[in-house]
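Student: Pasting in a structure now, in structure tokens, and then I'll have a few things to ask.
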Amino acid sequence: MNLYGRSFLTLKDFTPEEISYMLDLAADLKAKKKQGITGNSLKGKNIALIFEKPSTRTRCSFTIGCIDEGGHPEYLGREDIQFGHKESVEDTARVLGRMFDGIEFRGFSQETVEKLAKYSGVPVWNGLTDTYHPTQILADFLTMREHLGELKGKKLVFVGDGRNNMANSLMIGCSKMGVHFTNLAPKSLWPEQSLVDTCKEYADASGSVITITDDLAGVEGADVVYTDVWCSMGEEDKAAERVALLRPYQVNSELLARTGKENTIFLHCLPAVKGYEVTEEVFNKYADVVFDEAENRMHTIKAVMVATLGNIEH
Ligand code: CP
Ligand code: NVA
């Protein structure tokens with residue numbers, strides 16, 4: 001498998017085999033790190049980390065993943081560079097592409113990360129936009145593999161803001177990998193039909209079933225119940241409206257009981273606002289798996305950088 005030189009802008013860009021390859025590589029890098037073994041596949045590589053929005057997990061994962069492999073990460077925050085204020089995305093991309101070997105971008109518009117890739121000429125990784133959060137899905141899948149075994153045939157139910165970056169990326173990832181995906185959300189927060197149609201094509205090929213519903217019965221049979229904040233970064237002004245709309249969709253013990261399964265796991269990309277999208281009780285019960293998921297951000301992001309930029313045998 002050779003992903004060298006590729007950008008990671010959305011999971012749509014990768015085949016199921018390529019996604020599996022990155023997960024296998026992440027598992028391997030994780031096992032090595034647990035033995036105290038790090039690599040040097042990014043030796044001599046400089047990586048720009050552009051953050052228009054704040055981050056704990058993604059920033060730290062790119063930083064540590066890069067350093068563990070011998071590379072140099074450079075954090076470029078919203079106020080640190082001319083980007084978006086004095087200089088166009090295209091020109092910033094052309095400058096950074098001449099100095100750096102890879103660029104991570106977290107921000108608002110998906111168009112920005114796509115322009116960065118187009119004009120920089122180096123691999124660009126999407127660390128979250130309003131539309132997608134693709135690297136998070138690799139961590140979620142690695143965690144599912146560790147706790148539940150093979151992905152194919154499992155059922156994942158996303159409950160909450162069904163049109164946010166997490167819901168979109170989970171739908172793409174699940175439909176590609178043969179994981180049945182249910183989006184459980186009030187109708188006004190359903191995903192765009194064009195994305196659902198695209199994912200239904202992936203699902204036909206992988207044997208997964210996609211369901212979009214506002215009926216809480218949709219949680220039945222879930223192997224994974226997943227939620228995310230009700231107001232994503234940049235949507236803080238919508239808080240009151242979202243709370244009113246999403247209250248019935250809180251992940252609590254009653255909702256989990258409706259899975260009818262004993263071994264369902266709960267996942268959350270974090271950060272969590274306990275008492276809203278998930279109760280403190282449910283969060284605490286599944287804290288081990290949720291923090292495995294958070295740790296796996298680092299192993300999977302490292303795998304993405306190694307696969308697309310690393311000096312390894314492909
Ligand atoms: N899950 C996630 O992306 O977390 P951060 O916002 O802390 O990076
Ligand atoms: N939907 C959330 C995800 C955070 C990792 C947000 O965009 O704020």
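Labeling convention for the structure tokens: chains A, B, ... as they appear, residues from 1 per chain, ligands from 1 in order of appearance.
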Please provide as a ChimeraX atom specification all residues within 8 Å of Met99 (chain A), with the sequence filter that same-chain residues fewer than 3 positions apart are discarded (counting only C-alpha atoms).
Tutor: /A:46,95-96
Student: Just to be explicit: take each residue in the selection above, keep N, CA, C and O atoms, and write the result as a short mmCIF file (atom, residue, chain, number, x, y, z; two decimals), in the first residue's frame.
Tutor:
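Final output, saved to part26.cif:
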data_model
loop_
_atom_site.label_atom_id
_atom_site.label_comp_id
_atom_site.auth_asym_id
_atom_site.auth_seq_id
_atom_site.Cartn_x
_atom_site.Cartn_y
_atom_site.Cartn_z
N ASN A 46 9.69 18.94 8.17
CA ASN A 46 9.09 20.03 8.96
C ASN A 46 7.60 20.09 8.67
O ASN A 46 7.19 20.06 7.50
N VAL A 95 3.63 29.72 0.08
CA VAL A 95 4.81 29.99 0.93
C VAL A 95 5.11 28.76 1.80
O VAL A 95 6.24 28.25 1.82
N LEU A 96 4.09 28.28 2.49
CA LEU A 96 4.32 27.16 3.42
C LEU A 96 4.79 25.91 2.67
O LEU A 96 5.62 25.15 3.18
#
Student: Neighbours of ligand 2 at 9 Å or closer, counting only C-alpha atoms and all ligand atoms: which residues, as a PyMOL selection string?
Tutor: chain A and resi 53+55+57-58+108+128-133+136+161+164-167+228-235+268-272
Student: For Leu42 (chain A), find every residue with an atom within 12 Å (counting only C-alpha atoms), except residues of its own chain fewer than 2 positions away, and show them as a PyMOL selection string.
Tutor: chain A and resi 38-40+44-47+64-73+101-102+302-312
Student: Export, as a CSV table (one decimal), in the first residue's frame, the selected residues with N, CA and C atoms.
Tutor:
chain,number,residue,atom,x,y,z
A,38,THR,N,10.3,4.2,19.3
A,38,THR,CA,9.8,5.2,18.4
A,38,THR,C,10.6,5.2,17.1
A,39,GLY,N,10.2,5.9,16.1
A,39,GLY,CA,10.9,5.8,14.8
A,39,GLY,C,11.6,7.0,14.4
A,40,ASN,N,12.0,7.0,13.1
A,40,ASN,CA,12.7,8.2,12.6
A,40,ASN,C,12.2,8.4,11.1
A,44,GLY,N,14.1,15.0,9.4
A,44,GLY,CA,14.3,16.0,8.4
A,44,GLY,C,13.1,16.6,7.8
A,45,LYS,N,11.9,16.2,8.3
A,45,LYS,CA,10.6,16.8,7.8
A,45,LYS,C,10.1,17.8,8.7
A,46,ASN,N,9.7,18.9,8.2
A,46,ASN,CA,9.1,20.0,9.0
A,46,ASN,C,7.6,20.1,8.7
A,47,ILE,N,6.8,20.2,9.7
A,47,ILE,CA,5.4,20.1,9.6
A,47,ILE,C,4.7,21.3,10.2
A,64,ILE,N,3.1,15.4,19.0
A,64,ILE,CA,3.9,14.2,19.6
A,64,ILE,C,4.1,13.2,18.5
A,65,GLY,N,3.1,12.9,17.7
A,65,GLY,CA,3.3,12.0,16.6
A,65,GLY,C,4.5,12.3,15.7
A,66,CYS,N,4.6,13.6,15.4
A,66,CYS,CA,5.7,14.1,14.6
A,66,CYS,C,7.0,13.9,15.3
A,67,ILE,N,7.1,14.4,16.5
A,67,ILE,CA,8.4,14.3,17.2
A,67,ILE,C,8.8,12.8,17.5
A,68,ASP,N,7.8,12.0,17.8
A,68,ASP,CA,8.2,10.5,18.0
A,68,ASP,C,8.8,9.9,16.7
A,69,GLU,N,8.5,10.5,15.6
A,69,GLU,CA,9.1,10.0,14.3
A,69,GLU,C,10.2,10.8,13.8
A,70,GLY,N,10.7,11.7,14.7
A,70,GLY,CA,11.9,12.4,14.3
A,70,GLY,C,11.7,13.7,13.5
A,71,GLY,N,10.5,14.1,13.3
A,71,GLY,CA,10.2,15.3,12.6
A,71,GLY,C,10.1,16.6,13.5
A,72,HIS,N,9.9,17.7,12.8
A,72,HIS,CA,9.8,19.0,13.6
A,72,HIS,C,8.4,19.6,13.3
A,73,PRO,N,7.6,19.7,14.4
A,73,PRO,CA,6.3,20.4,14.2
A,73,PRO,C,6.4,21.9,14.6
A,101,ASP,N,7.2,20.3,4.8
A,101,ASP,CA,7.0,19.1,4.0
A,101,ASP,C,5.5,18.6,4.1
A,102,GLY,N,4.8,19.1,5.1
A,102,GLY,CA,3.4,18.7,5.3
A,102,GLY,C,2.7,19.7,6.1
A,302,LYS,N,-0.4,9.8,14.0
A,302,LYS,CA,1.0,9.5,13.6
A,302,LYS,C,1.0,8.6,12.4
A,303,ALA,N,0.1,7.6,12.4
A,303,ALA,CA,0.0,6.7,11.2
A,303,ALA,C,-0.2,7.5,9.9
A,304,VAL,N,-1.1,8.4,10.0
A,304,VAL,CA,-1.5,9.2,8.8
A,304,VAL,C,-0.2,9.9,8.3
A,305,MET,N,0.5,10.6,9.2
A,305,MET,CA,1.8,11.3,8.8
A,305,MET,C,2.8,10.3,8.3
A,306,VAL,N,3.0,9.2,8.9
A,306,VAL,CA,4.0,8.2,8.5
A,306,VAL,C,3.6,7.7,7.1
A,307,ALA,N,2.3,7.4,6.9
A,307,ALA,CA,1.9,6.8,5.7
A,307,ALA,C,2.0,7.7,4.5
A,308,THR,N,1.7,9.0,4.7
A,308,THR,CA,1.7,10.0,3.6
A,308,THR,C,3.0,10.8,3.5
A,309,LEU,N,3.8,10.8,4.5
A,309,LEU,CA,5.1,11.6,4.4
A,309,LEU,C,6.3,10.8,4.9
A,310,GLY,N,6.1,9.7,5.5
A,310,GLY,CA,7.2,9.0,6.1
A,310,GLY,C,8.1,8.3,5.2
A,311,ASN,N,9.4,8.2,5.6
A,311,ASN,CA,10.4,7.4,4.8
A,311,ASN,C,10.3,6.0,5.3
A,312,ILE,N,9.3,5.2,4.7
A,312,ILE,CA,9.1,3.8,5.1
A,312,ILE,C,9.0,3.0,3.8
Student: Rank nothing, just name the residue among A:Asn296, A:Val251, A:Lys238, A:Thr15 nearest to Tyr202 (chain A), using only C-alpha atoms.
Tutor: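 So, comparing all the options, the nearest one is A:Thr15.
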Student: Region 8-212 of chain A: which residues are strand (DSSP E) by DSSP, as a PyMOL selection string?
Tutor: chain A and resi 46-51+72-77+102-106+124-126+155-159+180-184+210-212
Student: Would you put the residues from that selection into a file with N, CA and C atoms, as a compact mmCIF listing (two decimals), in the first residue's frame?
Tutor:
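File written: part_19.txt
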# COMPACT_ATOMS: atom_id res chain seq x y z
N ASN A 46 9.69 18.94 8.17
CA ASN A 46 9.09 20.03 8.96
C ASN A 46 7.60 20.09 8.67
N ILE A 47 6.82 20.16 9.74
CA ILE A 47 5.36 20.07 9.60
C ILE A 47 4.70 21.30 10.22
N ALA A 48 3.86 21.98 9.41
CA ALA A 48 3.15 23.17 9.91
C ALA A 48 1.80 22.74 10.48
N LEU A 49 1.48 23.27 11.64
CA LEU A 49 0.20 22.96 12.28
C LEU A 49 -0.60 24.26 12.37
N ILE A 50 -1.54 24.45 11.47
CA ILE A 50 -2.34 25.69 11.43
C ILE A 50 -3.64 25.46 12.19
N PHE A 51 -3.87 26.29 13.20
CA PHE A 51 -5.09 26.16 14.00
C PHE A 51 -5.85 27.48 14.04
N HIS A 72 9.90 17.73 12.83
CA HIS A 72 9.79 18.99 13.57
C HIS A 72 8.42 19.62 13.31
N PRO A 73 7.57 19.75 14.36
CA PRO A 73 6.28 20.40 14.18
C PRO A 73 6.36 21.88 14.55
N GLU A 74 5.64 22.72 13.82
CA GLU A 74 5.63 24.15 14.11
C GLU A 74 4.18 24.60 14.24
N TYR A 75 3.79 25.03 15.44
CA TYR A 75 2.40 25.46 15.69
C TYR A 75 2.19 26.89 15.18
N LEU A 76 1.18 27.07 14.34
CA LEU A 76 0.86 28.39 13.79
C LEU A 76 -0.59 28.70 14.14
N GLY A 77 -0.78 29.46 15.20
CA GLY A 77 -2.14 29.79 15.66
C GLY A 77 -2.76 30.91 14.87
N GLY A 102 4.80 19.08 5.14
CA GLY A 102 3.41 18.67 5.33
C GLY A 102 2.71 19.75 6.14
N ILE A 103 1.39 19.84 5.97
CA ILE A 103 0.62 20.89 6.66
C ILE A 103 -0.64 20.28 7.26
N GLU A 104 -0.85 20.53 8.55
CA GLU A 104 -2.14 20.20 9.18
C GLU A 104 -2.94 21.48 9.26
N PHE A 105 -4.25 21.39 8.99
CA PHE A 105 -5.11 22.57 9.11
C PHE A 105 -6.35 22.23 9.93
N ARG A 106 -6.63 23.05 10.95
CA ARG A 106 -7.93 23.01 11.64
C ARG A 106 -8.56 24.38 11.51
N VAL A 124 -1.52 17.65 2.86
CA VAL A 124 -2.27 18.47 3.82
C VAL A 124 -3.25 17.55 4.54
N TRP A 125 -3.31 17.67 5.86
CA TRP A 125 -4.19 16.83 6.68
C TRP A 125 -5.25 17.69 7.34
N ASN A 126 -6.49 17.27 7.24
CA ASN A 126 -7.62 18.00 7.82
C ASN A 126 -7.76 17.65 9.31
N LYS A 155 -22.86 -2.21 14.46
CA LYS A 155 -23.80 -1.09 14.27
C LYS A 155 -23.39 0.08 15.15
N LEU A 156 -23.18 1.23 14.53
CA LEU A 156 -22.84 2.45 15.26
C LEU A 156 -24.01 3.44 15.14
N VAL A 157 -24.46 3.94 16.28
CA VAL A 157 -25.54 4.93 16.27
C VAL A 157 -24.99 6.26 16.77
N PHE A 158 -25.05 7.27 15.90
CA PHE A 158 -24.65 8.62 16.31
C PHE A 158 -25.91 9.35 16.76
N VAL A 159 -25.87 9.89 17.98
CA VAL A 159 -27.04 10.56 18.55
C VAL A 159 -26.71 12.03 18.79
N HIS A 180 -22.77 -0.68 10.02
CA HIS A 180 -24.12 -0.13 9.90
C HIS A 180 -24.16 1.19 10.66
N PHE A 181 -24.74 2.20 10.02
CA PHE A 181 -24.70 3.54 10.62
C PHE A 181 -26.10 4.11 10.76
N THR A 182 -26.46 4.48 11.98
CA THR A 182 -27.74 5.16 12.21
C THR A 182 -27.47 6.56 12.73
N ASN A 183 -28.10 7.53 12.08
CA ASN A 183 -28.00 8.92 12.52
C ASN A 183 -29.32 9.25 13.21
N LEU A 184 -29.26 9.39 14.52
CA LEU A 184 -30.46 9.60 15.34
C LEU A 184 -30.49 11.07 15.77
N ILE A 210 -27.43 2.33 6.02
CA ILE A 210 -27.48 3.68 6.60
C ILE A 210 -28.93 4.01 6.92
N THR A 211 -29.17 4.47 8.14
CA THR A 211 -30.52 4.86 8.56
C THR A 211 -30.45 6.26 9.14
N ILE A 212 -31.36 7.12 8.70
CA ILE A 212 -31.46 8.46 9.28
C ILE A 212 -32.84 8.51 9.93
Student: One number please: CA of Gly107 (chain A) to CA of Pro54 (chain A), in Å, one decimal.
Tutor: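 CA of Gly107 (chain A) sits 8.8 Å away from CA of Pro54 (chain A).
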Student: Could you pull the residues within 7 Å of Ile172 (chain A), counting only C-alpha atoms, minus those fewer than 6 positions along the same chain, as a PDB file with C-alpha atoms, in the first residue's frame?
Tutor:
ATOM      1  CA  LEU A  11     -12.419  10.009   4.241  1.00  0.00           C
ATOM      2  CA  LYS A  12     -14.069  10.087   0.820  1.00  0.00           C
ATOM      3  CA  CYS A 199     -22.608   7.314   1.502  1.00  0.00           C
TER       4      CYS A 199
END
Student: With only C-alpha atoms as the basis for distance, which of A:Ile265, A:Val113, A:Leu245, A:Leu29 is at the shortest distance from Met298 (chain A)?
Tutor: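 With only C-alpha atoms as the atom set, the closest residue is A:Leu29.
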Student: Which residues are near Met177 (chain A)? Cut-off 7 Å, only C-alpha atoms, ignore same chain within fewer than 2 positions. Put them as an MDAnalysis selection string.
Tutor: chainID A and resid 16 152 173:175 179 206
Student: Those selected residues, please, written with N, CA, C and O atoms and delivered as a PDB file, in the first residue's frame.
Tutor:
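The result, written out as out_39.pdb:
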ATOM      1  N   PRO A  16     -11.651   1.544   1.313  1.00  0.00           N
ATOM      2  CA  PRO A  16     -11.681   0.775   2.565  1.00  0.00           C
ATOM      3  C   PRO A  16     -10.327   0.111   2.850  1.00  0.00           C
ATOM      4  O   PRO A  16      -9.893   0.047   4.006  1.00  0.00           O
ATOM      5  N   LYS A 152     -16.532  -4.753  10.451  1.00  0.00           N
ATOM      6  CA  LYS A 152     -17.617  -5.092   9.508  1.00  0.00           C
ATOM      7  C   LYS A 152     -18.785  -5.750  10.242  1.00  0.00           C
ATOM      8  O   LYS A 152     -18.595  -6.656  11.049  1.00  0.00           O
ATOM      9  N   GLY A 173     -17.134   7.154   7.001  1.00  0.00           N
ATOM     10  CA  GLY A 173     -16.249   6.069   7.455  1.00  0.00           C
ATOM     11  C   GLY A 173     -17.000   4.756   7.619  1.00  0.00           C
ATOM     12  O   GLY A 173     -16.556   3.705   7.151  1.00  0.00           O
ATOM     13  N   CYS A 174     -18.154   4.800   8.275  1.00  0.00           N
ATOM     14  CA  CYS A 174     -18.923   3.570   8.522  1.00  0.00           C
ATOM     15  C   CYS A 174     -19.388   2.957   7.206  1.00  0.00           C
ATOM     16  O   CYS A 174     -19.271   1.746   7.001  1.00  0.00           O
ATOM     17  N   SER A 175     -19.901   3.797   6.314  1.00  0.00           N
ATOM     18  CA  SER A 175     -20.431   3.240   5.068  1.00  0.00           C
ATOM     19  C   SER A 175     -19.310   2.633   4.229  1.00  0.00           C
ATOM     20  O   SER A 175     -19.507   1.656   3.524  1.00  0.00           O
ATOM     21  N   VAL A 179     -19.721  -0.833   8.385  1.00  0.00           N
ATOM     22  CA  VAL A 179     -20.332  -0.663   9.711  1.00  0.00           C
ATOM     23  C   VAL A 179     -21.725  -0.059   9.483  1.00  0.00           C
ATOM     24  O   VAL A 179     -21.852   0.954   8.786  1.00  0.00           O
ATOM     25  N   SER A 206     -20.117  -1.936   0.510  1.00  0.00           N
ATOM     26  CA  SER A 206     -19.509  -2.569   1.690  1.00  0.00           C
ATOM     27  C   SER A 206     -20.474  -3.470   2.457  1.00  0.00           C
ATOM     28  O   SER A 206     -20.059  -4.191   3.363  1.00  0.00           O
TER      29      SER A 206
END
Student: From the options A:Ala257, A:Ile137, A:Ala117, A:Ala222, which residue's atoms come nearest to Gly5 (chain A), counting only C-alpha atoms?
Tutor: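 Ranking A:Ala257, A:Ile137, A:Ala117, A:Ala222 by distance to Gly5 (chain A), first place goes to A:Ala117.
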Student: Do you know which residues are at most 9 Å from Thr264 (chain A) counting only C-alpha atoms, after dropping those on the same chain fewer than 6 positions away, and could you put them as a PyMOL selection string?
Tutor: chain A and resi 148+221-225+256
Student: Please report the interatomic distance between atom 5 (P, counted along the ligand's line) of ligand 1 and CA of Ser169 (chain A) in Å with one decimal.
Tutor: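 Going from atom 5 (P, counted along the ligand's line) of ligand 1 over to CA of Ser169 (chain A) covers 15.3 Å.
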Student: Mind checking DSSP for region 18-239 of chain A and telling me the helix (DSSP H, G or I) residues as a VMD selection string?
Tutor: chain A and resid 18 to 34 57 to 68 89 to 99 110 to 120 134 to 148 165 to 177 187 to 189 193 to 206 216 to 219 236 to 239
